[in-house]
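A.B. asks: Got a structure for you, my_file-v1.cif, holding mmCIF, C-alpha atoms and all ligand atoms.
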```cif
data_query
#
loop_
_atom_site.group_PDB
_atom_site.id
_atom_site.type_symbol
_atom_site.label_atom_id
_atom_site.label_comp_id
_atom_site.auth_asym_id
_atom_site.auth_seq_id
_atom_site.Cartn_x
_atom_site.Cartn_y
_atom_site.Cartn_z
ATOM 1 C CA LYS A 53 66.039 89.533 92.587
ATOM 2 C CA LEU A 54 67.849 86.307 93.462
ATOM 3 C CA LEU A 55 70.282 85.899 96.364
ATOM 4 C CA VAL A 56 72.828 83.075 96.348
ATOM 5 C CA ILE A 57 74.344 82.282 99.756
ATOM 6 C CA GLY A 58 77.601 80.323 99.569
ATOM 7 C CA ALA A 59 77.996 81.227 95.886
ATOM 8 C CA GLY A 60 81.740 80.537 95.962
ATOM 9 C CA GLY A 61 81.373 76.809 96.626
ATOM 10 C CA GLN A 62 81.345 73.878 94.190
ATOM 11 C CA LEU A 63 77.615 74.099 93.322
ATOM 12 C CA GLY A 64 77.343 77.879 93.817
ATOM 13 C CA THR A 65 80.088 78.679 91.307
ATOM 14 C CA GLU A 66 78.123 77.061 88.482
ATOM 15 C CA LEU A 67 74.530 77.595 89.652
ATOM 16 C CA THR A 68 75.079 81.364 90.006
ATOM 17 C CA GLN A 69 76.274 81.549 86.389
ATOM 18 C CA SER A 70 73.191 79.612 85.246
ATOM 19 C CA LEU A 71 70.857 81.909 87.224
ATOM 20 C CA ALA A 72 72.520 84.973 85.680
ATOM 21 C CA ASN A 73 72.201 83.459 82.193
ATOM 22 C CA THR A 74 68.518 82.754 82.796
ATOM 23 C CA TYR A 75 67.356 85.843 84.730
ATOM 24 C CA GLY A 76 69.980 88.414 83.739
ATOM 25 C CA SER A 77 73.142 89.239 85.679
ATOM 26 C CA GLU A 78 71.560 92.324 87.238
ATOM 27 C CA ALA A 79 68.950 90.049 88.862
ATOM 28 C CA VAL A 80 71.525 87.981 90.774
ATOM 29 C CA ILE A 81 73.508 88.818 93.918
ATOM 30 C CA ALA A 82 76.279 86.331 94.715
ATOM 31 C CA THR A 83 77.425 86.206 98.336
ATOM 32 C CA ASP A 84 79.992 84.223 100.246
ATOM 33 C CA PHE A 85 81.637 84.628 103.640
ATOM 34 C CA GLN A 86 85.038 84.544 101.910
ATOM 35 C CA GLU A 87 86.036 87.794 100.190
ATOM 36 C CA SER A 88 88.339 85.719 97.966
ATOM 37 C CA ALA A 89 85.256 84.328 96.183
ATOM 38 C CA ARG A 90 84.692 87.780 94.634
ATOM 39 C CA SER A 91 87.082 86.962 91.784
ATOM 40 C CA LYS A 92 84.634 84.327 90.491
ATOM 41 C CA PHE A 93 81.854 86.881 89.974
ATOM 42 C CA ASN A 94 82.864 89.524 87.469
ATOM 43 C CA TYR A 95 79.492 89.053 85.708
ATOM 44 C CA CYS A 96 77.175 89.926 88.617
ATOM 45 C CA ARG A 97 77.141 91.749 91.971
ATOM 46 C CA PHE A 98 79.115 90.145 94.813
ATOM 47 C CA LYS A 99 78.890 90.842 98.540
ATOM 48 C CA THR A 100 80.560 89.155 101.487
ATOM 49 C CA LEU A 101 77.862 87.753 103.769
ATOM 50 C CA ASN A 102 77.881 85.361 106.707
ATOM 51 C CA VAL A 103 74.560 83.518 106.856
ATOM 52 C CA LEU A 104 75.029 83.197 110.632
ATOM 53 C CA ASP A 105 74.547 86.986 110.873
ATOM 54 C CA LYS A 106 70.741 86.974 110.590
ATOM 55 C CA GLU A 107 70.471 90.762 110.822
ATOM 56 C CA ALA A 108 72.885 91.260 107.925
ATOM 57 C CA VAL A 109 70.981 88.753 105.765
ATOM 58 C CA GLY A 110 67.684 90.427 106.636
ATOM 59 C CA LYS A 111 69.009 93.888 105.740
ATOM 60 C CA LEU A 112 70.255 92.598 102.360
ATOM 61 C CA LEU A 113 66.902 90.941 101.600
ATOM 62 C CA GLN A 114 65.028 94.202 102.177
ATOM 63 C CA LYS A 115 67.546 96.587 100.638
ATOM 64 C CA ASP A 116 67.841 94.615 97.397
ATOM 65 C CA GLN A 117 64.181 93.460 97.175
ATOM 66 C CA ILE A 118 65.204 89.796 97.122
ATOM 67 C CA THR A 119 62.399 87.403 96.121
ATOM 68 C CA GLN A 120 64.285 84.088 95.951
ATOM 69 C CA VAL A 121 67.158 82.680 98.038
ATOM 70 C CA TYR A 122 69.460 79.792 97.036
ATOM 71 C CA HIS A 123 71.042 78.802 100.357
ATOM 72 C CA LEU A 124 74.051 76.628 99.516
ATOM 73 C CA ALA A 125 76.462 77.353 102.376
ATOM 74 C CA ALA A 126 77.295 74.223 104.402
ATOM 75 C CA ILE A 127 80.148 72.249 105.913
ATOM 76 C CA LEU A 128 80.431 68.907 104.082
ATOM 77 C CA SER A 129 80.728 65.386 105.473
ATOM 78 C CA ALA A 130 84.477 64.874 105.932
ATOM 79 C CA THR A 131 85.206 68.386 107.233
ATOM 80 C CA GLY A 132 82.146 68.163 109.476
ATOM 81 C CA GLU A 133 83.532 65.157 111.337
ATOM 82 C CA LYS A 134 86.589 67.172 112.354
ATOM 83 C CA ASP A 135 84.478 69.780 114.204
ATOM 84 C CA PRO A 136 80.949 68.398 114.779
ATOM 85 C CA MET A 137 79.594 71.350 116.779
ATOM 86 C CA GLN A 138 80.783 73.879 114.189
ATOM 87 C CA ALA A 139 79.239 71.799 111.375
ATOM 88 C CA TRP A 140 75.916 71.457 113.223
ATOM 89 C CA ASP A 141 75.795 75.166 114.072
ATOM 90 C CA MET A 142 76.722 76.299 110.553
ATOM 91 C CA ASN A 143 74.411 73.886 108.745
ATOM 92 C CA MET A 144 71.394 74.248 111.049
ATOM 93 C CA ARG A 145 71.506 77.872 112.214
ATOM 94 C CA GLY A 146 72.220 78.998 108.644
ATOM 95 C CA LEU A 147 69.133 77.206 107.329
ATOM 96 C CA LEU A 148 66.897 78.334 110.197
ATOM 97 C CA HIS A 149 67.875 81.984 109.613
ATOM 98 C CA VAL A 150 66.927 81.633 105.938
ATOM 99 C CA LEU A 151 63.608 79.897 106.707
ATOM 100 C CA GLU A 152 62.662 82.479 109.366
ATOM 101 C CA LEU A 153 63.589 85.388 107.070
ATOM 102 C CA ALA A 154 61.622 83.765 104.225
ATOM 103 C CA ARG A 155 58.584 83.642 106.496
ATOM 104 C CA GLU A 156 59.009 87.198 107.820
ATOM 105 C CA ASN A 157 59.694 88.703 104.357
ATOM 106 C CA LYS A 158 57.205 86.504 102.492
ATOM 107 C CA LEU A 159 59.901 85.426 100.016
ATOM 108 C CA GLU A 160 58.624 83.761 96.845
ATOM 109 C CA LYS A 161 60.871 80.645 96.784
ATOM 110 C CA ILE A 162 63.841 79.101 98.608
ATOM 111 C CA PHE A 163 66.258 76.427 97.372
ATOM 112 C CA TRP A 164 68.280 74.365 99.841
ATOM 113 C CA PRO A 165 70.445 71.320 98.942
ATOM 114 C CA SER A 166 70.163 68.145 100.953
ATOM 115 C CA SER A 167 72.242 65.033 100.301
ATOM 116 C CA ILE A 168 72.196 61.262 99.997
ATOM 117 C CA ALA A 169 74.124 61.534 103.285
ATOM 118 C CA VAL A 170 70.715 61.499 105.038
ATOM 119 C CA PHE A 171 70.730 57.729 104.444
ATOM 120 C CA GLY A 172 72.725 55.478 106.790
ATOM 121 C CA PRO A 173 74.345 52.040 107.110
ATOM 122 C CA ASN A 174 71.055 50.130 107.494
ATOM 123 C CA THR A 175 69.389 51.750 104.468
ATOM 124 C CA PRO A 176 68.990 49.440 101.415
ATOM 125 C CA LYS A 177 72.076 50.227 99.316
ATOM 126 C CA GLN A 178 70.833 49.623 95.759
ATOM 127 C CA LYS A 179 68.371 52.010 94.077
ATOM 128 C CA THR A 180 67.583 53.564 97.460
ATOM 129 C CA PRO A 181 63.998 54.877 97.332
ATOM 130 C CA GLN A 182 62.757 58.321 98.412
ATOM 131 C CA ASP A 183 61.280 57.142 101.732
ATOM 132 C CA ALA A 184 63.899 54.541 102.747
ATOM 133 C CA LEU A 185 65.123 54.303 106.344
ATOM 134 C CA LYS A 186 67.366 57.227 107.340
ATOM 135 C CA ASN A 187 69.885 56.756 110.171
ATOM 136 C CA PRO A 188 72.698 59.131 109.182
ATOM 137 C CA THR A 189 76.000 58.551 110.989
ATOM 138 C CA THR A 190 77.744 61.818 110.068
ATOM 139 C CA VAL A 191 77.032 65.254 111.571
ATOM 140 C CA TYR A 192 76.588 66.472 108.013
ATOM 141 C CA GLY A 193 73.948 63.779 107.324
ATOM 142 C CA ILE A 194 72.202 64.451 110.661
ATOM 143 C CA SER A 195 72.071 68.191 109.866
ATOM 144 C CA LYS A 196 70.729 67.552 106.356
ATOM 145 C CA LEU A 197 68.019 65.170 107.641
ATOM 146 C CA ALA A 198 66.983 67.646 110.355
ATOM 147 C CA GLY A 199 67.049 70.420 107.763
ATOM 148 C CA GLU A 200 64.727 68.472 105.459
ATOM 149 C CA HIS A 201 62.141 68.199 108.220
ATOM 150 C CA TRP A 202 62.475 71.919 109.028
ATOM 151 C CA CYS A 203 61.830 72.697 105.346
ATOM 152 C CA GLU A 204 58.685 70.543 105.361
ATOM 153 C CA TYR A 205 57.588 72.196 108.652
ATOM 154 C CA TYR A 206 57.969 75.733 107.247
ATOM 155 C CA PHE A 207 56.031 74.739 104.133
ATOM 156 C CA ASN A 208 53.199 73.072 106.060
ATOM 157 C CA THR A 209 53.017 75.618 108.892
ATOM 158 C CA TYR A 210 53.794 78.959 107.177
ATOM 159 C CA GLY A 211 53.428 78.195 103.461
ATOM 160 C CA VAL A 212 57.114 78.954 102.758
ATOM 161 C CA ASP A 213 57.810 77.565 99.265
ATOM 162 C CA VAL A 214 61.169 75.944 100.083
ATOM 163 C CA ARG A 215 62.347 73.220 97.674
ATOM 164 C CA SER A 216 65.192 70.743 98.061
ATOM 165 C CA LEU A 217 67.217 68.047 96.273
ATOM 166 C CA ARG A 218 69.189 65.188 97.835
ATOM 167 C CA PHE A 219 72.345 65.534 95.775
ATOM 168 C CA PRO A 220 74.730 62.620 95.274
ATOM 169 C CA GLY A 221 78.433 63.421 95.079
ATOM 170 C CA LEU A 222 78.718 66.435 92.753
ATOM 171 C CA ILE A 223 81.577 66.598 90.277
ATOM 172 C CA GLY A 224 82.547 69.832 88.552
ATOM 173 C CA TYR A 225 85.827 71.181 87.175
ATOM 174 C CA LYS A 226 85.237 74.900 87.803
ATOM 175 C CA SER A 227 86.089 74.831 91.492
ATOM 176 C CA LEU A 228 88.324 72.759 93.730
ATOM 177 C CA ALA A 229 86.977 70.039 96.023
ATOM 178 C CA GLY A 230 85.324 71.216 99.250
ATOM 179 C CA GLY A 231 85.884 68.684 102.015
ATOM 180 C CA GLY A 232 83.402 66.039 100.840
ATOM 181 C CA THR A 233 83.811 62.273 100.990
ATOM 182 C CA THR A 234 82.997 62.085 97.267
ATOM 183 C CA ASP A 235 85.554 64.766 96.382
ATOM 184 C CA TYR A 236 88.182 62.205 95.356
ATOM 185 C CA ALA A 237 86.178 62.197 92.101
ATOM 186 C CA VAL A 238 86.886 65.926 91.671
ATOM 187 C CA ASP A 239 90.582 65.770 92.592
ATOM 188 C CA ILE A 240 91.345 62.785 90.348
ATOM 189 C CA TYR A 241 90.709 64.824 87.187
ATOM 190 C CA HIS A 242 93.020 67.632 88.304
ATOM 191 C CA GLN A 243 95.826 65.105 88.914
ATOM 192 C CA ALA A 244 95.169 63.395 85.580
ATOM 193 C CA ILE A 245 95.695 66.532 83.494
ATOM 194 C CA ARG A 246 98.861 67.287 85.444
ATOM 195 C CA GLU A 247 100.075 63.819 84.348
ATOM 196 C CA GLN A 248 100.587 62.943 87.985
ATOM 197 C CA SER A 249 99.630 59.785 89.790
ATOM 198 C CA PHE A 250 96.670 59.914 92.176
ATOM 199 C CA THR A 251 96.195 58.422 95.631
ATOM 200 C CA CYS A 252 92.525 57.756 96.337
ATOM 201 C CA PHE A 253 91.274 57.946 99.927
ATOM 202 C CA LEU A 254 88.623 55.272 99.254
ATOM 203 C CA GLN A 255 88.947 51.588 98.353
ATOM 204 C CA GLU A 256 88.811 50.909 94.609
ATOM 205 C CA ASP A 257 85.469 49.077 94.776
ATOM 206 C CA THR A 258 83.536 51.750 96.750
ATOM 207 C CA TYR A 259 80.414 52.437 94.698
ATOM 208 C CA LEU A 260 78.762 55.809 95.366
ATOM 209 C CA PRO A 261 75.965 57.779 93.693
ATOM 210 C CA MET A 262 77.433 60.703 91.735
ATOM 211 C CA MET A 263 76.294 63.486 89.409
ATOM 212 C CA TYR A 264 78.023 65.786 86.945
ATOM 213 C CA MET A 265 77.666 69.466 87.930
ATOM 214 C CA ASP A 266 75.758 70.413 84.737
ATOM 215 C CA ASP A 267 73.067 67.882 85.708
ATOM 216 C CA ALA A 268 72.963 69.237 89.276
ATOM 217 C CA VAL A 269 72.463 72.793 88.000
ATOM 218 C CA GLN A 270 69.822 71.631 85.509
ATOM 219 C CA ALA A 271 67.944 69.725 88.249
ATOM 220 C CA THR A 272 67.962 72.822 90.492
ATOM 221 C CA MET A 273 66.719 75.142 87.732
ATOM 222 C CA GLN A 274 63.996 72.646 86.727
ATOM 223 C CA LEU A 275 62.823 72.079 90.305
ATOM 224 C CA MET A 276 62.628 75.839 90.987
ATOM 225 C CA ALA A 277 60.771 76.556 87.741
ATOM 226 C CA ALA A 278 58.142 73.837 88.306
ATOM 227 C CA PRO A 279 54.653 74.929 89.427
ATOM 228 C CA ALA A 280 54.276 74.629 93.232
ATOM 229 C CA SER A 281 51.369 72.226 92.697
ATOM 230 C CA SER A 282 53.730 69.656 91.103
ATOM 231 C CA ILE A 283 56.091 69.616 94.090
ATOM 232 C CA ARG A 284 54.749 66.756 96.170
ATOM 233 C CA VAL A 285 57.883 66.164 98.265
ATOM 234 C CA ARG A 286 58.574 68.963 100.736
ATOM 235 C CA THR A 287 61.416 67.263 102.604
ATOM 236 C CA SER A 288 63.840 66.685 99.694
ATOM 237 C CA TYR A 289 63.804 64.840 96.356
ATOM 238 C CA ASN A 290 66.178 61.980 95.554
ATOM 239 C CA VAL A 291 67.999 62.748 92.311
ATOM 240 C CA SER A 292 70.495 60.453 90.604
ATOM 241 C CA GLY A 293 73.065 60.863 87.850
ATOM 242 C CA MET A 294 75.299 57.794 87.851
ATOM 243 C CA SER A 295 77.079 55.403 90.205
ATOM 244 C CA PHE A 296 80.713 54.370 89.922
ATOM 245 C CA SER A 297 83.685 53.150 91.942
ATOM 246 C CA PRO A 298 87.172 54.702 92.103
ATOM 247 C CA ARG A 299 88.434 51.927 89.846
ATOM 248 C CA GLU A 300 85.800 52.729 87.211
ATOM 249 C CA ILE A 301 86.511 56.472 87.132
ATOM 250 C CA ALA A 302 90.255 55.714 87.009
ATOM 251 C CA GLU A 303 89.691 53.420 84.012
ATOM 252 C CA SER A 304 87.526 56.028 82.268
ATOM 253 C CA ILE A 305 90.398 58.535 82.663
ATOM 254 C CA GLN A 306 93.019 55.993 81.561
ATOM 255 C CA SER A 307 91.160 55.548 78.284
ATOM 256 C CA HIS A 308 92.274 59.177 77.621
ATOM 257 C CA HIS A 309 95.554 59.154 79.581
ATOM 258 C CA PRO A 310 96.900 55.571 79.418
ATOM 259 C CA ASN A 311 99.863 56.311 81.714
ATOM 260 C CA PHE A 312 97.742 57.747 84.541
ATOM 261 C CA GLN A 313 98.449 55.769 87.723
ATOM 262 C CA VAL A 314 96.074 55.437 90.666
ATOM 263 C CA GLN A 315 96.766 53.901 94.050
ATOM 264 C CA TYR A 316 94.353 53.396 96.949
ATOM 265 C CA ALA A 317 94.959 54.427 100.563
ATOM 266 C CA PRO A 318 91.605 54.409 102.418
ATOM 267 C CA ASP A 319 91.361 56.756 105.402
ATOM 268 C CA PHE A 320 88.553 57.806 107.839
ATOM 269 C CA ARG A 321 86.388 58.737 104.875
ATOM 270 C CA GLN A 322 85.985 55.050 103.954
ATOM 271 C CA GLN A 323 83.628 54.558 106.915
ATOM 272 C CA ILE A 324 81.555 57.537 105.797
ATOM 273 C CA ALA A 325 81.345 56.213 102.229
ATOM 274 C CA ASP A 326 80.424 52.725 103.486
ATOM 275 C CA SER A 327 77.437 54.215 105.363
ATOM 276 C CA TRP A 328 75.900 55.654 102.187
ATOM 277 C CA PRO A 329 73.866 54.009 99.380
ATOM 278 C CA SER A 330 75.559 52.779 96.204
ATOM 279 C CA SER A 331 72.755 53.938 93.903
ATOM 280 C CA ILE A 332 69.605 56.048 94.153
ATOM 281 C CA ASN A 333 66.034 55.689 92.854
ATOM 282 C CA ASP A 334 64.756 59.069 91.634
ATOM 283 C CA ASP A 335 61.334 58.048 90.242
ATOM 284 C CA CYS A 336 59.542 60.727 92.337
ATOM 285 C CA ALA A 337 61.585 63.543 90.767
ATOM 286 C CA ARG A 338 61.037 62.048 87.288
ATOM 287 C CA ASN A 339 57.286 61.779 87.808
ATOM 288 C CA ASP A 340 56.656 65.081 89.638
ATOM 289 C CA TRP A 341 58.747 67.566 87.605
ATOM 290 C CA GLY A 342 60.260 65.656 84.679
ATOM 291 C CA TRP A 343 63.806 65.113 85.970
ATOM 292 C CA LYS A 344 66.237 63.206 83.734
ATOM 293 C CA ALA A 345 70.049 63.153 84.002
ATOM 294 C CA GLU A 346 72.111 63.744 80.841
ATOM 295 C CA PHE A 347 75.627 62.671 81.901
ATOM 296 C CA ASP A 348 77.060 59.211 82.453
ATOM 297 C CA LEU A 349 80.686 58.466 83.380
ATOM 298 C CA PRO A 350 82.195 58.327 79.849
ATOM 299 C CA LYS A 351 80.449 61.574 78.829
ATOM 300 C CA MET A 352 81.506 63.355 82.053
ATOM 301 C CA THR A 353 85.137 62.246 81.756
ATOM 302 C CA THR A 354 85.361 63.346 78.128
ATOM 303 C CA GLU A 355 83.780 66.727 78.999
ATOM 304 C CA ILE A 356 86.069 67.411 81.971
ATOM 305 C CA LEU A 357 89.329 66.235 80.359
ATOM 306 C CA THR A 358 88.521 68.348 77.313
ATOM 307 C CA LYS A 359 87.615 71.551 79.176
ATOM 308 C CA LEU A 360 89.683 71.486 82.376
ATOM 309 C CA PRO A 361 93.133 72.108 80.781
ATOM 310 C CA SER A 362 92.100 75.502 79.380
ATOM 311 C CA TYR A 363 90.138 76.353 82.552
ATOM 312 C CA ILE A 364 92.802 75.418 85.107
ATOM 313 C CA HIS A 365 94.335 78.922 85.270
ATOM 314 C CA ASN A 366 91.037 80.268 86.680
ATOM 315 C CA LEU A 367 91.252 78.036 89.776
HETATM 316 C C1 LIG B 1 80.069 65.134 100.672
HETATM 317 N N1 LIG B 1 79.945 66.006 98.393
HETATM 318 O O1 LIG B 1 80.833 64.297 100.269
HETATM 319 C C2 LIG B 1 79.188 65.853 99.637
HETATM 320 C C3 LIG B 1 77.930 65.074 99.347
HETATM 321 C C4 LIG B 1 76.892 62.835 98.989
HETATM 322 C C5 LIG B 1 78.157 63.576 99.196
HETATM 323 O O2 LIG B 1 76.947 65.351 100.267
HETATM 324 O O3 LIG B 1 79.984 65.434 101.831
#
```
Please render this file's structure as structure tokens.
C.D. replies:
Amino acid sequence: KLLVIGAGGQLGTELTQSLANTYGSEAVIATDFQESARSKFNYCRFKTLNVLDKEAVGKLLQKDQITQVYHLAAILSATGEKDPMQAWDMNMRGLLHVLELARENKLEKIFWPSSIAVFGPNTPKQKTPQDALKNPTTVYGISKLAGEHWCEYYFNTYGVDVRSLRFPGLIGYKSLAGGGTTDYAVDIYHQAIREQSFTCFLQEDTYLPMMYMDDAVQATMQLMAAPASSIRVRTSYNVSGMSFSPREIAESIQSHHPNFQVQYAPDFRQQIADSWPSSINDDCARNDWGWKAEFDLPKMTTEILTKLPSYIHNL
């Protein structure tokens, strides 16, 4: 049985569906601390669960014979800067509960997402390699870097098979943005189909590594299905989809909606974006478990602008 923690979030909404498609809906239990997420899961079981309540998580693991946990719950970069201690507590204590419970219950596999936010302002910005310098300047990035080392520690010390991916900015149309610095790239599509203008909170030439949600789900499924012997990175794998600037995504949308207007009003999130790489080298993931992204910017924009209008009423 598979447990998804934070299933109601951007990645969880789509990954849970993919897990149910692959393993059967009766094999998946979606959980979120918000009861309102229940409406997203009419195809599998849903339970409210707060990952900070270790006892409650432990009881669920035993009662439902859980063998794998996908721990997605986290506070993202922009929101994290508004309440650093809450972000640190949520992101770290949540992960440590899952790692401890995995050890105690001898769980088969754990997935936990890291982020390119583990890199900082003095990391090489182009094609940033797996082992580049990491001096994160956001609480979110600090918590993800610390979390990566905890994952490696639990693998080396207790043999917990925890696997991780350093996601770039993830872009999906099936859930609203979640407080990330890259989430302008989610919001812009919603404004475009409403024929409204869009004000971007980053400068137009801010290049960031990004990935379409289908690629993120595919990478997760592939990583988790790979034989343990092929997983040579036990902190977290760089994975890359594409890199673009706000101007480029605006132009890709304008090729479908010529009247769509975008203006730029950078705010505190510009400093966060400026501390991150512009593009990522993911050779390790390609070599170790055959990773390869499918979506570039034109393909993603066509997909979202085609599907979002008929999906919008679900949001
Ligand atoms: C954020 N979407 O903006 C997340 C992600 C690389 C960005 O970690 O915080």
A.B. asks: Produce as a ChimeraX atom specification the set of residues near ligand LIG 1 (chain B), where near means within 9 Å with only C-alpha atoms and all ligand atoms considered.
C.D. replies: /A:127-132,165-170,192-193,196,218-223,229-235,260-262,324-325,328
A.B. asks: Residues picked by the PyMOL selection byres (((chain A and resi 62-72) around 9) and not hetatm) here, as a VMD selection string?
C.D. replies: chain A and resid 54 56 to 61 73 to 82 92 to 93 95 to 96 122 124 to 125 222 to 230 265 to 266 268 to 270 272 to 273
A.B. asks: Nearest residue to A:Ser249 out of A:Arg299, A:His201, A:Phe312, A:Asn187, using only C-alpha atoms?
C.D. replies: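 Checking each of A:Arg299, A:His201, A:Phe312, A:Asn187 against A:Ser249, counting only C-alpha atoms, the winner is A:Phe312.
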A.B. asks: Can you measure atom CA of A:Ala89 to atom CA of A:Asp135 for me? One decimal in Å is fine.
C.D. replies: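 According to the coordinates, atom CA of A:Ala89 and atom CA of A:Asp135 are separated by 23.2 Å.
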A.B. asks: So, counting all atoms listed in the file, which residue among A:Leu254, A:Ala126, A:Leu357, A:Ala277 is closest to A:Arg321?
C.D. replies: A:Leu254
A.B. asks: So, counting only C-alpha atoms, which residue among A:Arg90, A:Arg286, A:Arg215, A:Lys351 is closest to A:Lys161?
C.D. replies: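 Nearest candidate to A:Lys161 out of A:Arg90, A:Arg286, A:Arg215, A:Lys351: A:Arg215.
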A.B. asks: What's around A:Thr175 at 9 Å? Count only C-alpha atoms, leave out sequence neighbours fewer than 6 positions away in its own chain, and write the answer as a PDB file with C-alpha atoms, in the coordinates of the input.
C.D. replies:
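Done, and the output landed in part-v2.pdb:
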```
ATOM      1  CA  ALA A 184      63.899  54.541 102.747  1.00  0.00           C
ATOM      2  CA  LEU A 185      65.123  54.303 106.344  1.00  0.00           C
ATOM      3  CA  LYS A 186      67.366  57.227 107.340  1.00  0.00           C
ATOM      4  CA  ASN A 187      69.885  56.756 110.171  1.00  0.00           C
ATOM      5  CA  SER A 327      77.437  54.215 105.363  1.00  0.00           C
ATOM      6  CA  TRP A 328      75.900  55.654 102.187  1.00  0.00           C
ATOM      7  CA  PRO A 329      73.866  54.009  99.380  1.00  0.00           C
TER       8      PRO A 329
END
```
A.B. asks: Can you measure atom CA of A:Pro173 to atom CA of A:Ala237 for me? One decimal in Å is fine.
C.D. replies: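 So the two atoms, atom CA of A:Pro173 and atom CA of A:Ala237, lie 21.6 Å apart.
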A.B. asks: As an exercise, work out the distance from atom CA of A:Leu55 to atom CA of A:Tyr289 in Å and give it to one decimal place.
C.D. replies: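 Between these atoms lies a distance of 22.0 Å.
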A.B. asks: Which residues fall under the PyMOL selection byres (((chain A and resi 360) around 8) and not hetatm) in this file, as a compact mmCIF listing (two decimals) with C-alpha atoms, in the frame of the given file?
C.D. replies:
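What landed in part32.txt:
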```txt
# COMPACT_ATOMS: atom_id res chain seq x y z
CA TYR A 225 85.83 71.18 87.18
CA LYS A 226 85.24 74.90 87.80
CA HIS A 242 93.02 67.63 88.30
CA ILE A 245 95.70 66.53 83.49
CA ILE A 356 86.07 67.41 81.97
CA LEU A 357 89.33 66.24 80.36
CA THR A 358 88.52 68.35 77.31
CA LYS A 359 87.62 71.55 79.18
CA PRO A 361 93.13 72.11 80.78
CA SER A 362 92.10 75.50 79.38
CA TYR A 363 90.14 76.35 82.55
CA ILE A 364 92.80 75.42 85.11
```
A.B. asks: Looking at only C-alpha atoms, which of A:Ala280, A:Gln315, A:Pro310, A:Glu300 is the one that sits closest to A:Cys252?
C.D. replies: A:Gln315
A.B. asks: Step by step: start from the point (70.5, 79.7, 110.3) in the file's coordinates, keep every protein, DNA or RNA residue that has an atom no farther than 12 Å from it, count only C-alpha atoms, and write the set as JSON, numbers by chain.
C.D. replies: {"A": [57, 102, 103, 104, 105, 106, 107, 109, 110, 123, 124, 125, 126, 139, 140, 141, 142, 143, 144, 145, 146, 147, 148, 149, 150, 151, 152, 153, 154, 164, 195, 199, 202]}
A.B. asks: Rank A:Ser331, A:Ser91, A:Gln178, A:Gln86 by their smallest atom-to-atom distance to A:Met294, using all atoms listed in the file, and report the top residue only.
C.D. replies: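 Nearest to A:Met294: A:Ser331.
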A.B. asks: Evaluate the PyMOL selection byres (((chain A and resi 348-350) around 7) and not hetatm) and record the selected residues as a count of residues only, following the chain and residue labels used in the document.
C.D. replies: 9
A.B. asks: Using all atoms listed in the file, which of A:Thr251, A:Asn174, A:Thr83, A:Ser88 sits nearest A:Leu112?
C.D. replies: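 Ranked by minimum distance to A:Leu112, first place goes to A:Thr83.
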